[in-house]
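*Asks:* File follows, work-v3.pdb with PDB, C-alpha atoms:
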```pdb
ATOM      1  CA  MET D   1      26.166  16.139  -1.764
ATOM      2  CA  PRO D   2      23.537  13.417  -2.189
ATOM      3  CA  ASP D   3      20.998  14.035  -4.937
ATOM      4  CA  ASP D   4      18.528  11.356  -3.878
ATOM      5  CA  LEU D   5      15.974  14.051  -3.040
ATOM      6  CA  VAL D   6      15.957  15.270  -6.651
ATOM      7  CA  PRO D   7      16.913  12.497  -9.129
ATOM      8  CA  ASP D   8      18.564  13.466 -12.390
ATOM      9  CA  ASP D   9      15.566  12.524 -14.534
ATOM     10  CA  LEU D  10      13.263  14.764 -12.491
ATOM     11  CA  TRP D  11      15.700  17.664 -12.502
ATOM     12  CA  GLU D  12      16.216  17.469 -16.273
ATOM     13  CA  ARG D  13      12.518  18.145 -16.718
ATOM     14  CA  ILE D  14      12.264  20.923 -14.136
ATOM     15  CA  ALA D  15      15.502  22.802 -14.909
ATOM     16  CA  PRO D  16      14.175  24.721 -17.975
ATOM     17  CA  LEU D  17      10.939  25.774 -16.225
ATOM     18  CA  PRO D  18      11.850  28.223 -13.395
ATOM     19  CA  PRO D  19      11.896  31.919 -14.399
ATOM     20  CA  ILE D  20      15.251  33.496 -15.175
ATOM     21  CA  ARG D  21      16.490  35.645 -12.330
ATOM     22  CA  PRO D  22      17.476  39.257 -13.169
ATOM     23  CA  PRO D  23      21.209  39.885 -13.695
ATOM     24  CA  ARG D  24      23.223  40.721 -10.627
ATOM     25  CA  ARG D  25      25.119  43.948  -9.996
ATOM     26  CA  HIS D  26      28.769  43.729 -11.016
ATOM     27  CA  ARG D  27      30.417  45.930  -8.422
ATOM     28  CA  TYR D  28      28.665  44.719  -5.306
ATOM     29  CA  PRO D  29      27.143  41.327  -6.140
ATOM     30  CA  GLY D  30      26.538  40.348  -2.523
ATOM     31  CA  ARG D  31      25.922  36.753  -1.552
ATOM     32  CA  LEU D  32      25.366  34.382  -4.441
ATOM     33  CA  PRO D  33      21.839  32.938  -4.698
ATOM     34  CA  ALA D  34      21.256  29.299  -3.830
ATOM     35  CA  ASP D  35      21.307  26.814  -6.667
ATOM     36  CA  ASP D  36      17.848  25.984  -8.035
ATOM     37  CA  ARG D  37      18.394  22.262  -7.624
ATOM     38  CA  ALA D  38      19.425  22.782  -3.997
ATOM     39  CA  ALA D  39      16.266  24.827  -3.424
ATOM     40  CA  LEU D  40      14.183  22.032  -4.929
ATOM     41  CA  ARG D  41      15.875  19.589  -2.565
ATOM     42  CA  GLY D  42      14.715  21.767   0.314
ATOM     43  CA  ILE D  43      11.149  21.823  -1.023
ATOM     44  CA  VAL D  44      11.079  18.054  -1.452
ATOM     45  CA  TYR D  45      12.634  17.581   1.998
ATOM     46  CA  VAL D  46       9.808  19.568   3.607
ATOM     47  CA  LEU D  47       7.275  17.550   1.600
ATOM     48  CA  ARG D  48       8.784  14.196   2.555
ATOM     49  CA  LYS D  49       9.663  14.870   6.190
ATOM     50  CA  ASN D  50       6.879  17.339   7.046
ATOM     51  CA  VAL D  51       9.207  19.650   8.963
ATOM     52  CA  SER D  52       9.187  23.378   9.504
ATOM     53  CA  ARG D  53      11.289  25.395   7.091
ATOM     54  CA  ARG D  54      13.549  26.236  10.030
ATOM     55  CA  ASP D  55      14.422  22.539  10.369
ATOM     56  CA  VAL D  56      15.601  21.953   6.799
ATOM     57  CA  PRO D  57      19.234  20.722   7.073
ATOM     58  CA  ALA D  58      21.403  22.902   4.842
ATOM     59  CA  GLU D  59      24.183  20.305   4.925
ATOM     60  CA  ARG D  60      21.918  17.813   3.146
ATOM     61  CA  THR D  61      19.891  20.007   0.821
ATOM     62  CA  GLY D  62      22.456  22.703   0.020
ATOM     63  CA  CYS D  63      20.270  25.627   1.069
ATOM     64  CA  GLY D  64      18.318  26.865   4.068
ATOM     65  CA  GLY D  65      14.637  26.291   4.639
ATOM     66  CA  VAL D  66      13.727  29.962   4.236
ATOM     67  CA  THR D  67      15.386  30.015   0.810
ATOM     68  CA  ALA D  68      13.500  26.870  -0.176
ATOM     69  CA  TRP D  69      10.230  28.456   0.964
ATOM     70  CA  ARG D  70      10.906  31.609  -1.047
ATOM     71  CA  ARG D  71      11.740  29.588  -4.124
ATOM     72  CA  LEU D  72       8.533  27.562  -3.658
ATOM     73  CA  ARG D  73       6.610  30.849  -3.477
ATOM     74  CA  ASP D  74       8.276  32.292  -6.568
ATOM     75  CA  TRP D  75       7.946  29.130  -8.644
ATOM     76  CA  THR D  76       4.326  28.652  -7.626
ATOM     77  CA  GLU D  77       3.484  32.205  -8.642
ATOM     78  CA  ALA D  78       5.328  31.639 -11.927
ATOM     79  CA  GLY D  79       3.284  28.505 -12.694
ATOM     80  CA  VAL D  80       6.223  26.082 -12.732
ATOM     81  CA  TRP D  81       4.326  23.073 -11.367
ATOM     82  CA  PRO D  82       1.463  23.030 -13.910
ATOM     83  CA  ARG D  83       4.033  23.324 -16.722
ATOM     84  CA  LEU D  84       6.000  20.418 -15.264
ATOM     85  CA  HIS D  85       2.815  18.366 -15.135
ATOM     86  CA  GLU D  86       2.046  19.227 -18.768
ATOM     87  CA  VAL D  87       5.549  18.204 -19.891
ATOM     88  CA  LEU D  88       5.319  14.860 -18.119
ATOM     89  CA  LEU D  89       1.833  14.118 -19.439
ATOM     90  CA  ALA D  90       3.054  14.822 -22.983
ATOM     91  CA  GLU D  91       5.906  12.356 -22.477
ATOM     92  CA  LEU D  92       3.442   9.777 -21.223
ATOM     93  CA  ARG D  93       1.144  10.261 -24.183
ATOM     94  CA  LYS D  94       4.057   9.921 -26.582
ATOM     95  CA  ALA D  95       5.193   6.704 -24.890
ATOM     96  CA  GLY D  96       1.674   5.260 -24.853
ATOM     97  CA  PRO D  97       0.759   4.585 -21.175
ATOM     98  CA  LEU D  98      -1.630   7.557 -20.934
ATOM     99  CA  ASP D  99      -5.220   6.403 -21.529
ATOM    100  CA  MET D 100      -7.699   9.291 -21.571
ATOM    101  CA  ASP D 101     -10.570   7.368 -23.080
ATOM    102  CA  ASP D 102     -11.741   6.712 -19.525
ATOM    103  CA  ALA D 103     -11.193   9.051 -16.565
ATOM    104  CA  ALA D 104     -12.388   9.147 -12.952
ATOM    105  CA  ILE D 105     -13.000  12.074 -10.633
ATOM    106  CA  ASP D 106     -13.233  12.236  -6.845
ATOM    107  CA  GLY D 107     -12.744  14.566  -3.870
ATOM    108  CA  SER D 108     -11.042  14.102  -0.514
ATOM    109  CA  HIS D 109     -11.232  16.144   2.694
ATOM    110  CA  ILE D 110      -8.119  17.282   4.545
ATOM    111  CA  ARG D 111      -7.701  19.209   7.776
ATOM    112  CA  ALA D 112      -6.461  22.823   7.593
ATOM    113  CA  LEU D 113      -4.723  23.677  10.846
ATOM    114  CA  LYS D 114      -4.076  27.365  10.156
ATOM    115  CA  ARG D 115      -7.183  28.287   8.167
ATOM    116  CA  GLY D 116      -6.526  30.647   5.272
ATOM    117  CA  ALA D 117      -8.065  30.839   1.812
ATOM    118  CA  HIS D 118      -9.997  27.848   0.483
ATOM    119  CA  THR D 119     -10.949  26.545   3.903
ATOM    120  CA  GLY D 120     -14.354  25.930   5.424
ATOM    121  CA  PRO D 121     -16.187  23.899   8.065
ATOM    122  CA  SER D 122     -15.626  20.279   7.131
ATOM    123  CA  PRO D 123     -18.825  18.175   7.202
ATOM    124  CA  VAL D 124     -16.809  15.020   7.935
ATOM    125  CA  ASP D 125     -14.660  16.473  10.752
ATOM    126  CA  ARG D 126     -17.179  18.054  13.144
ATOM    127  CA  ALA D 127     -17.081  21.398  11.301
ATOM    128  CA  ARG D 128     -13.379  21.937  11.930
ATOM    129  CA  PRO D 129     -11.557  24.057   9.354
ATOM    130  CA  GLY D 130     -10.697  21.967   6.345
ATOM    131  CA  SER D 131      -9.953  21.999   2.650
ATOM    132  CA  LYS D 132     -10.768  19.600  -0.125
ATOM    133  CA  HIS D 133      -8.656  18.093  -2.887
ATOM    134  CA  HIS D 134     -10.379  17.395  -6.187
ATOM    135  CA  LEU D 135      -8.626  14.977  -8.501
ATOM    136  CA  ILE D 136      -9.205  13.645 -11.982
ATOM    137  CA  VAL D 137      -7.158  10.670 -13.207
ATOM    138  CA  ASP D 138      -6.913   8.584 -16.349
ATOM    139  CA  ARG D 139      -7.794   4.890 -16.533
ATOM    140  CA  HIS D 140      -4.510   3.878 -14.882
ATOM    141  CA  GLY D 141      -4.648   6.420 -12.045
ATOM    142  CA  THR D 142      -2.291   8.992 -13.574
ATOM    143  CA  PRO D 143      -3.254  12.458 -12.255
ATOM    144  CA  LEU D 144      -4.554  14.706 -15.021
ATOM    145  CA  ALA D 145      -5.483  17.688 -12.839
ATOM    146  CA  VAL D 146      -5.832  18.642  -9.169
ATOM    147  CA  THR D 147      -7.693  21.560  -7.598
ATOM    148  CA  LEU D 148      -8.207  22.902  -4.078
ATOM    149  CA  THR D 149     -11.382  24.260  -2.479
ATOM    150  CA  GLY D 150     -12.876  24.781   0.966
ATOM    151  CA  GLY D 151     -13.871  21.709   2.929
ATOM    152  CA  ASN D 152     -17.561  22.641   2.751
ATOM    153  CA  ARG D 153     -17.804  22.616  -1.043
ATOM    154  CA  HIS D 154     -19.979  19.888  -2.534
ATOM    155  CA  ASP D 155     -18.272  17.507  -4.929
ATOM    156  CA  VAL D 156     -20.678  18.139  -7.782
ATOM    157  CA  THR D 157     -19.954  21.884  -7.809
ATOM    158  CA  GLN D 158     -16.347  20.975  -8.592
ATOM    159  CA  LEU D 159     -17.077  18.653 -11.484
ATOM    160  CA  THR D 160     -16.078  21.069 -14.233
ATOM    161  CA  PRO D 161     -13.078  22.955 -12.679
ATOM    162  CA  PRO D 162     -10.782  19.878 -12.742
ATOM    163  CA  LEU D 163     -11.853  19.239 -16.335
ATOM    164  CA  ASP D 164     -10.969  22.825 -17.219
ATOM    165  CA  ALA D 165      -7.602  22.388 -15.471
ATOM    166  CA  ILE D 166      -6.532  19.471 -17.683
ATOM    167  CA  PRO D 167      -3.772  20.851 -19.928
ATOM    168  CA  ARG D 168      -3.715  20.369 -23.659
ATOM    169  CA  ILE D 169      -1.602  17.227 -23.776
ATOM    170  CA  ARG D 170       0.666  16.916 -26.773
ATOM    171  CA  GLY D 171       3.119  14.125 -27.527
ATOM    172  CA  VAL D 172       1.637  12.719 -30.742
ATOM    173  CA  HIS D 173       0.729  14.144 -34.132
ATOM    174  CA  GLY D 174      -2.642  15.802 -34.336
ATOM    175  CA  ARG D 175      -4.719  17.961 -32.056
ATOM    176  CA  PRO D 176      -3.697  18.029 -28.362
ATOM    177  CA  ARG D 177      -5.959  15.992 -26.084
ATOM    178  CA  HIS D 178      -7.571  17.845 -23.181
ATOM    179  CA  ARG D 179     -10.723  15.941 -22.301
ATOM    180  CA  PRO D 180     -11.570  12.283 -21.641
ATOM    181  CA  GLY D 181     -14.024  10.201 -23.597
ATOM    182  CA  ARG D 182     -15.933   8.947 -20.545
ATOM    183  CA  LEU D 183     -15.961  10.233 -16.972
ATOM    184  CA  PHE D 184     -16.665   7.927 -14.017
ATOM    185  CA  ALA D 185     -17.886   9.332 -10.699
ATOM    186  CA  ASP D 186     -19.666   8.244  -7.530
ATOM    187  CA  ARG D 187     -23.133   9.159  -6.257
ATOM    188  CA  GLY D 188     -21.996  12.563  -5.042
ATOM    189  CA  TYR D 189     -22.025  13.733  -8.662
ATOM    190  CA  ASP D 190     -25.479  12.331  -9.463
ATOM    191  CA  TYR D 191     -27.260  15.371 -10.932
ATOM    192  CA  ASP D 192     -28.798  15.379 -14.387
ATOM    193  CA  LYS D 193     -27.785  19.023 -14.870
ATOM    194  CA  TYR D 194     -24.114  18.046 -14.752
ATOM    195  CA  ARG D 195     -24.681  15.036 -16.982
ATOM    196  CA  ARG D 196     -25.969  17.451 -19.608
ATOM    197  CA  ILE D 197     -22.911  19.671 -19.101
ATOM    198  CA  LEU D 198     -20.607  16.708 -19.690
ATOM    199  CA  ARG D 199     -22.477  15.603 -22.801
ATOM    200  CA  ALA D 200     -22.278  19.168 -24.166
ATOM    201  CA  ARG D 201     -18.494  18.870 -23.861
ATOM    202  CA  GLY D 202     -18.464  15.585 -25.725
ATOM    203  CA  ILE D 203     -17.869  13.503 -22.578
ATOM    204  CA  THR D 204     -20.024  10.476 -21.787
ATOM    205  CA  PRO D 205     -21.025  10.583 -18.079
ATOM    206  CA  LYS D 206     -20.751   7.349 -16.115
ATOM    207  CA  ILE D 207     -22.113   8.431 -12.735
ATOM    208  CA  ALA D 208     -23.582   6.124 -10.111
ATOM    209  CA  ARG D 209     -27.246   6.716  -9.275
ATOM    210  CA  ARG D 210     -28.437   7.563  -5.782
ATOM    211  CA  GLY D 211     -31.096   5.443  -4.169
ATOM    212  CA  VAL D 212     -30.187   2.260  -6.012
ATOM    213  CA  PRO D 213     -28.407  -0.782  -4.552
ATOM    214  CA  HIS D 214     -24.652  -1.008  -4.801
ATOM    215  CA  GLY D 215     -23.174  -3.157  -7.518
ATOM    216  CA  SER D 216     -23.390  -0.879 -10.541
ATOM    217  CA  GLY D 217     -19.930  -2.061 -11.603
ATOM    218  CA  LEU D 218     -18.600   1.500 -12.015
ATOM    219  CA  GLY D 219     -16.266   0.979  -9.074
ATOM    220  CA  LYS D 220     -14.113  -1.302 -11.212
ATOM    221  CA  THR D 221     -13.018   1.787 -13.118
ATOM    222  CA  ARG D 222     -13.208   4.690 -10.682
ATOM    223  CA  TRP D 223     -11.301   3.003  -7.841
ATOM    224  CA  VAL D 224      -8.059   4.298  -9.377
ATOM    225  CA  ALA D 225      -8.940   7.822  -8.174
ATOM    226  CA  GLU D 226      -9.115   6.598  -4.581
ATOM    227  CA  ARG D 227      -5.839   4.728  -5.021
ATOM    228  CA  THR D 228      -4.124   7.881  -6.317
ATOM    229  CA  PHE D 229      -5.437   9.826  -3.336
ATOM    230  CA  ALA D 230      -3.924   7.157  -1.103
ATOM    231  CA  TRP D 231      -0.547   7.672  -2.814
ATOM    232  CA  LEU D 232      -0.701  11.462  -2.566
ATOM    233  CA  HIS D 233      -1.863  11.466   1.039
ATOM    234  CA  GLN D 234       1.007   9.281   2.172
ATOM    235  CA  PHE D 235       2.670  12.661   2.599
ATOM    236  CA  LYS D 236       1.443  14.201   5.814
ATOM    237  CA  ARG D 237       2.174  17.626   4.321
ATOM    238  CA  LEU D 238      -0.646  16.973   1.857
ATOM    239  CA  ARG D 239      -2.931  15.003   4.166
ATOM    240  CA  ILE D 240      -2.929  17.908   6.644
ATOM    241  CA  ARG D 241      -2.687  21.451   5.350
ATOM    242  CA  TYR D 242      -0.114  23.501   7.287
ATOM    243  CA  GLU D 243       0.217  26.389   4.810
ATOM    244  CA  ILE D 244      -1.936  29.467   5.297
ATOM    245  CA  ARG D 245      -1.483  30.396   1.660
ATOM    246  CA  ALA D 246      -3.675  28.168  -0.468
ATOM    247  CA  ASP D 247      -1.484  28.576  -3.555
ATOM    248  CA  LEU D 248       1.563  27.149  -1.742
ATOM    249  CA  HIS D 249      -0.341  24.081  -0.574
ATOM    250  CA  LEU D 250      -1.702  23.631  -4.087
ATOM    251  CA  GLY D 251       1.852  24.024  -5.424
ATOM    252  CA  LEU D 252       3.064  21.132  -3.253
ATOM    253  CA  LEU D 253       0.075  19.087  -4.384
ATOM    254  CA  GLN D 254       0.793  19.840  -8.044
ATOM    255  CA  LEU D 255       4.474  18.981  -7.601
ATOM    256  CA  THR D 256       3.554  15.603  -6.120
ATOM    257  CA  ALA D 257       0.940  14.964  -8.820
ATOM    258  CA  GLY D 258       3.517  15.834 -11.471
ATOM    259  CA  ALA D 259       6.086  13.487  -9.940
ATOM    260  CA  THR D 260       3.418  10.785  -9.882
ATOM    261  CA  ALA D 261       2.514  11.358 -13.530
ATOM    262  CA  PRO D 262       5.423   9.599 -15.315
ATOM    263  CA  ALA D 263       4.312   6.315 -13.742
ATOM    264  CA  PRO D 264       2.571   5.868 -10.397
ATOM    265  CA  ARG D 265       5.066   3.159  -9.454
ATOM    266  CA  GLU D 266       7.986   5.540  -9.977
ATOM    267  CA  ALA D 267       6.484   8.088  -7.576
ATOM    268  CA  ARG D 268       7.807   6.035  -4.654
ATOM    269  CA  ARG D 269      11.327   6.250  -6.074
ATOM    270  CA  TRP D 270      11.187   9.927  -7.033
ATOM    271  CA  LEU D 271       9.766  11.167  -3.747
ATOM    272  CA  GLY D 272      11.332   8.582  -1.482
ATOM    273  CA  ARG D 273       8.239   6.623  -0.492
TER
END
```
Translate this file's structure into structure tokens.
*Replies:*
Amino acid sequence: MPDDLVPDDLWERIAPLPPIRPPRRHRYPGRLPADDRAALRGIVYVLRKNVSRRDVPAERTGCGGVTAWRRLRDWTEAGVWPRLHEVLLAELRKAGPLDMDDAAIDGSHIRALKRGAHTGPSPVDRARPGSKHHLIVDRHGTPLAVTLTGGNRHDVTQLTPPLDAIPRIRGVHGRPRHRPGRLFADRGYDYDKYRRILRARGITPKIARRGVPHGSGLGKTRWVAERTFAWLHQFKRLRIRYEIRADLHLGLLQLTAGATAPAPREARRWLGR
């Protein structure tokens, strides 16, 4: 069975993370559960092809779409995807490419077709139901944290939650790193109250001012956040929210961000883009 949906290097990192299933009964074991790697193939297939779980081909993935959906639910509730992201960020920091001295933050609207939690009237889509992705990246565009809110939430109100979501990144001797040195943001975050909050955390704010001509030069650093959004939103499953449950959509987003973390260029190979 082809394993192109889940390469060996990705599976080696994910395999230790899912929770251990309870032991089966000995006398009447019933049908054996689907292999975890096969279930992950089904999850990635839905992410890549944007199909219903009923349309997942068992002959290619090794399990049915309903099984893949249940495994996505269980692993999301168990916190598998944030732990995967933390493992990959630690590997990056150990290897050297992770640069947290400078970070950029941004938000992006998406349409939510089935409503659900963390949706609201989108101000950029004629008040249709929508959600919003909030992303913080390092200097090279590596995702450090992603969060999900309703489409009507202002960017500046979500300045601190992504910072709080950055894991304590190990990989080198000394104290784990969990906050950037400087944070770049656009005019949507231009409030002195939040500049003071950043300085209290030891972060130097680099936020564009409203009411001044363009050309501040901050775009040379914060453009990587927009580029990472472009990579993530190549997947229609992320660009348009089909899941009613907000945690499942966030789980798919975290999985993609984690797969992008080892190196943004490798994300195309890992997720077939």
*Asks:* Enter the distance from CA of Arg53 in chain D to CA of Val66 in chain D, in Å, rounded to one decimal.
*Replies:* 5.9 Å
*Asks:* What does the distance from CA of Leu198 in chain D to CA of Ile110 in chain D come to in Å, to one decimal?
*Replies:* 27.3 Å
*Asks:* Any idea what's packed within 10 Å of Pro143 in chain D, counting all atoms listed in the file, ignoring anything in its chain fewer than 3 positions away? Could you give it as a PyMOL selection string?
*Replies:* chain D and resi 85+89+103-105+135-140+146+166+224-225+228-229+254+256-264
*Asks:* Could you check the closest approach to Ile244 in chain D for each of D:Gly188, D:Gly130, D:Gly42, D:Pro121 and tell me which residue wins, using all atoms listed in the file?
*Replies:*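 So, comparing all the options, the nearest one is D:Gly130.
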*Asks:* Given the file shown, determine the residues that the PyMOL selection byres ((chain D and resi 116) around 7) selects; report them as a list in words.
*Replies:*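 This file, filtered by the PyMOL selection byres ((chain D and resi 116) around 7), leaves Lys114, Arg115, Ala117, His118, Thr119, Ile244, Arg245 and Ala246 of chain D.
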*Asks:* Show which residues sit within 7 Å of Ala68 in chain D, as a PyMOL selection string. Count all atoms listed in the file, and ignore same-chain residues fewer than 6 positions away.
*Replies:* chain D and resi 39-40+42-43
*Asks:* Applied to the shown file, which residues does the PyMOL selection byres ((chain D and resi 248) around 10) return, written as a list in words?
*Replies:* Trp69, Leu72, Arg73, Asp74, Trp75, Thr76, Glu77, Tyr242, Glu243, Ile244, Arg245, Ala246, Asp247, His249, Leu250, Gly251, Leu252, Leu253 and Gln254 of chain D
*Asks:* Counting all atoms listed in the file, figure out which residue out of D:Pro22, D:Val51, D:Gly62, D:Trp223 gets nearest to Val6 in chain D.
*Replies:*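 Answer, going by the shortest atom-to-atom distance: D:Gly62.
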*Asks:* What is the CA of Arg179 in chain D to CA of Ile203 in chain D distance in Å?
*Replies:*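 So the answer is 7.6 Å.
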*Asks:* Carefully work through the PyMOL selection byres ((chain D and resi 49) around 12) for this structure and note down the residues it includes, as a PyMOL selection string.
*Replies:* chain D and resi 5+41-48+50-53+55-57+234-238+271-273
*Asks:* Using only C-alpha atoms, which residue out of D:Ala112, D:Leu98, D:Ala185, D:Val124 lies closest to Val172 in chain D?
*Replies:*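 Looking only at the distances to Val172 in chain D, the closest residue turns out to be D:Leu98.
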*Asks:* Rebuild all heavy atoms on range 136-145 of chain D, as a PDB file, in the coordinates of the input?
*Replies:*
```
ATOM      1  N   ILE D 136      -8.733  14.400 -10.839  1.00  0.00           N
ATOM      2  CA  ILE D 136      -9.205  13.645 -11.982  1.00  0.00           C
ATOM      3  C   ILE D 136      -8.020  12.859 -12.530  1.00  0.00           C
ATOM      4  O   ILE D 136      -6.913  13.388 -12.663  1.00  0.00           O
ATOM      5  CB  ILE D 136      -9.826  14.567 -13.062  1.00  0.00           C
ATOM      6  CG1 ILE D 136     -10.384  13.725 -14.223  1.00  0.00           C
ATOM      7  CG2 ILE D 136      -8.857  15.607 -13.557  1.00  0.00           C
ATOM      8  CD1 ILE D 136     -11.257  14.541 -15.165  1.00  0.00           C
ATOM      9  N   VAL D 137      -8.234  11.567 -12.778  1.00  0.00           N
ATOM     10  CA  VAL D 137      -7.158  10.670 -13.207  1.00  0.00           C
ATOM     11  C   VAL D 137      -7.592   9.931 -14.465  1.00  0.00           C
ATOM     12  O   VAL D 137      -8.783   9.842 -14.779  1.00  0.00           O
ATOM     13  CB  VAL D 137      -6.801   9.651 -12.103  1.00  0.00           C
ATOM     14  CG1 VAL D 137      -6.336  10.355 -10.837  1.00  0.00           C
ATOM     15  CG2 VAL D 137      -7.995   8.739 -11.792  1.00  0.00           C
ATOM     16  N   ASP D 138      -6.595   9.391 -15.176  1.00  0.00           N
ATOM     17  CA  ASP D 138      -6.913   8.584 -16.349  1.00  0.00           C
ATOM     18  C   ASP D 138      -7.234   7.154 -15.903  1.00  0.00           C
ATOM     19  O   ASP D 138      -7.339   6.854 -14.709  1.00  0.00           O
ATOM     20  CB  ASP D 138      -5.779   8.624 -17.369  1.00  0.00           C
ATOM     21  CG  ASP D 138      -4.635   7.683 -17.005  1.00  0.00           C
ATOM     22  OD1 ASP D 138      -4.459   7.384 -15.799  1.00  0.00           O
ATOM     23  OD2 ASP D 138      -3.912   7.243 -17.916  1.00  0.00           O
ATOM     24  N   ARG D 139      -7.365   6.264 -16.842  1.00  0.00           N
ATOM     25  CA  ARG D 139      -7.794   4.890 -16.533  1.00  0.00           C
ATOM     26  C   ARG D 139      -6.806   4.167 -15.619  1.00  0.00           C
ATOM     27  O   ARG D 139      -7.200   3.293 -14.845  1.00  0.00           O
ATOM     28  CB  ARG D 139      -7.961   4.102 -17.836  1.00  0.00           C
ATOM     29  CG  ARG D 139      -8.540   2.707 -17.648  1.00  0.00           C
ATOM     30  CD  ARG D 139      -8.709   1.998 -18.977  1.00  0.00           C
ATOM     31  NE  ARG D 139      -9.350   0.711 -18.785  1.00  0.00           N
ATOM     32  CZ  ARG D 139     -10.665   0.526 -18.756  1.00  0.00           C
ATOM     33  NH1 ARG D 139     -11.479   1.547 -18.910  1.00  0.00           N
ATOM     34  NH2 ARG D 139     -11.176  -0.681 -18.589  1.00  0.00           N
ATOM     35  N   HIS D 140      -5.532   4.552 -15.672  1.00  0.00           N
ATOM     36  CA  HIS D 140      -4.510   3.878 -14.882  1.00  0.00           C
ATOM     37  C   HIS D 140      -4.198   4.597 -13.574  1.00  0.00           C
ATOM     38  O   HIS D 140      -3.296   4.176 -12.851  1.00  0.00           O
ATOM     39  CB  HIS D 140      -3.230   3.745 -15.706  1.00  0.00           C
ATOM     40  CG  HIS D 140      -3.421   3.040 -17.009  1.00  0.00           C
ATOM     41  ND1 HIS D 140      -3.853   1.731 -17.084  1.00  0.00           N
ATOM     42  CD2 HIS D 140      -3.259   3.451 -18.296  1.00  0.00           C
ATOM     43  CE1 HIS D 140      -3.940   1.369 -18.353  1.00  0.00           C
ATOM     44  NE2 HIS D 140      -3.597   2.396 -19.100  1.00  0.00           N
ATOM     45  N   GLY D 141      -4.896   5.688 -13.279  1.00  0.00           N
ATOM     46  CA  GLY D 141      -4.648   6.420 -12.045  1.00  0.00           C
ATOM     47  C   GLY D 141      -3.651   7.546 -12.178  1.00  0.00           C
ATOM     48  O   GLY D 141      -3.261   8.143 -11.169  1.00  0.00           O
ATOM     49  N   THR D 142      -3.211   7.876 -13.377  1.00  0.00           N
ATOM     50  CA  THR D 142      -2.291   8.992 -13.574  1.00  0.00           C
ATOM     51  C   THR D 142      -3.033  10.307 -13.369  1.00  0.00           C
ATOM     52  O   THR D 142      -4.051  10.551 -14.020  1.00  0.00           O
ATOM     53  CB  THR D 142      -1.703   8.961 -14.997  1.00  0.00           C
ATOM     54  OG1 THR D 142      -1.046   7.709 -15.208  1.00  0.00           O
ATOM     55  CG2 THR D 142      -0.725  10.100 -15.191  1.00  0.00           C
ATOM     56  N   PRO D 143      -2.553  11.182 -12.482  1.00  0.00           N
ATOM     57  CA  PRO D 143      -3.254  12.458 -12.255  1.00  0.00           C
ATOM     58  C   PRO D 143      -3.252  13.329 -13.507  1.00  0.00           C
ATOM     59  O   PRO D 143      -2.204  13.559 -14.108  1.00  0.00           O
ATOM     60  CB  PRO D 143      -2.440  13.110 -11.126  1.00  0.00           C
ATOM     61  CG  PRO D 143      -1.684  12.000 -10.487  1.00  0.00           C
ATOM     62  CD  PRO D 143      -1.407  11.011 -11.573  1.00  0.00           C
ATOM     63  N   LEU D 144      -4.421  13.785 -13.901  1.00  0.00           N
ATOM     64  CA  LEU D 144      -4.554  14.706 -15.021  1.00  0.00           C
ATOM     65  C   LEU D 144      -4.693  16.143 -14.552  1.00  0.00           C
ATOM     66  O   LEU D 144      -4.240  17.070 -15.230  1.00  0.00           O
ATOM     67  CB  LEU D 144      -5.761  14.328 -15.889  1.00  0.00           C
ATOM     68  CG  LEU D 144      -5.740  12.932 -16.508  1.00  0.00           C
ATOM     69  CD1 LEU D 144      -7.044  12.673 -17.268  1.00  0.00           C
ATOM     70  CD2 LEU D 144      -4.550  12.764 -17.435  1.00  0.00           C
ATOM     71  N   ALA D 145      -5.320  16.344 -13.387  1.00  0.00           N
ATOM     72  CA  ALA D 145      -5.483  17.688 -12.839  1.00  0.00           C
ATOM     73  C   ALA D 145      -5.871  17.574 -11.370  1.00  0.00           C
ATOM     74  O   ALA D 145      -6.539  16.605 -10.962  1.00  0.00           O
ATOM     75  CB  ALA D 145      -6.543  18.480 -13.604  1.00  0.00           C
TER      76      ALA D 145
END
```
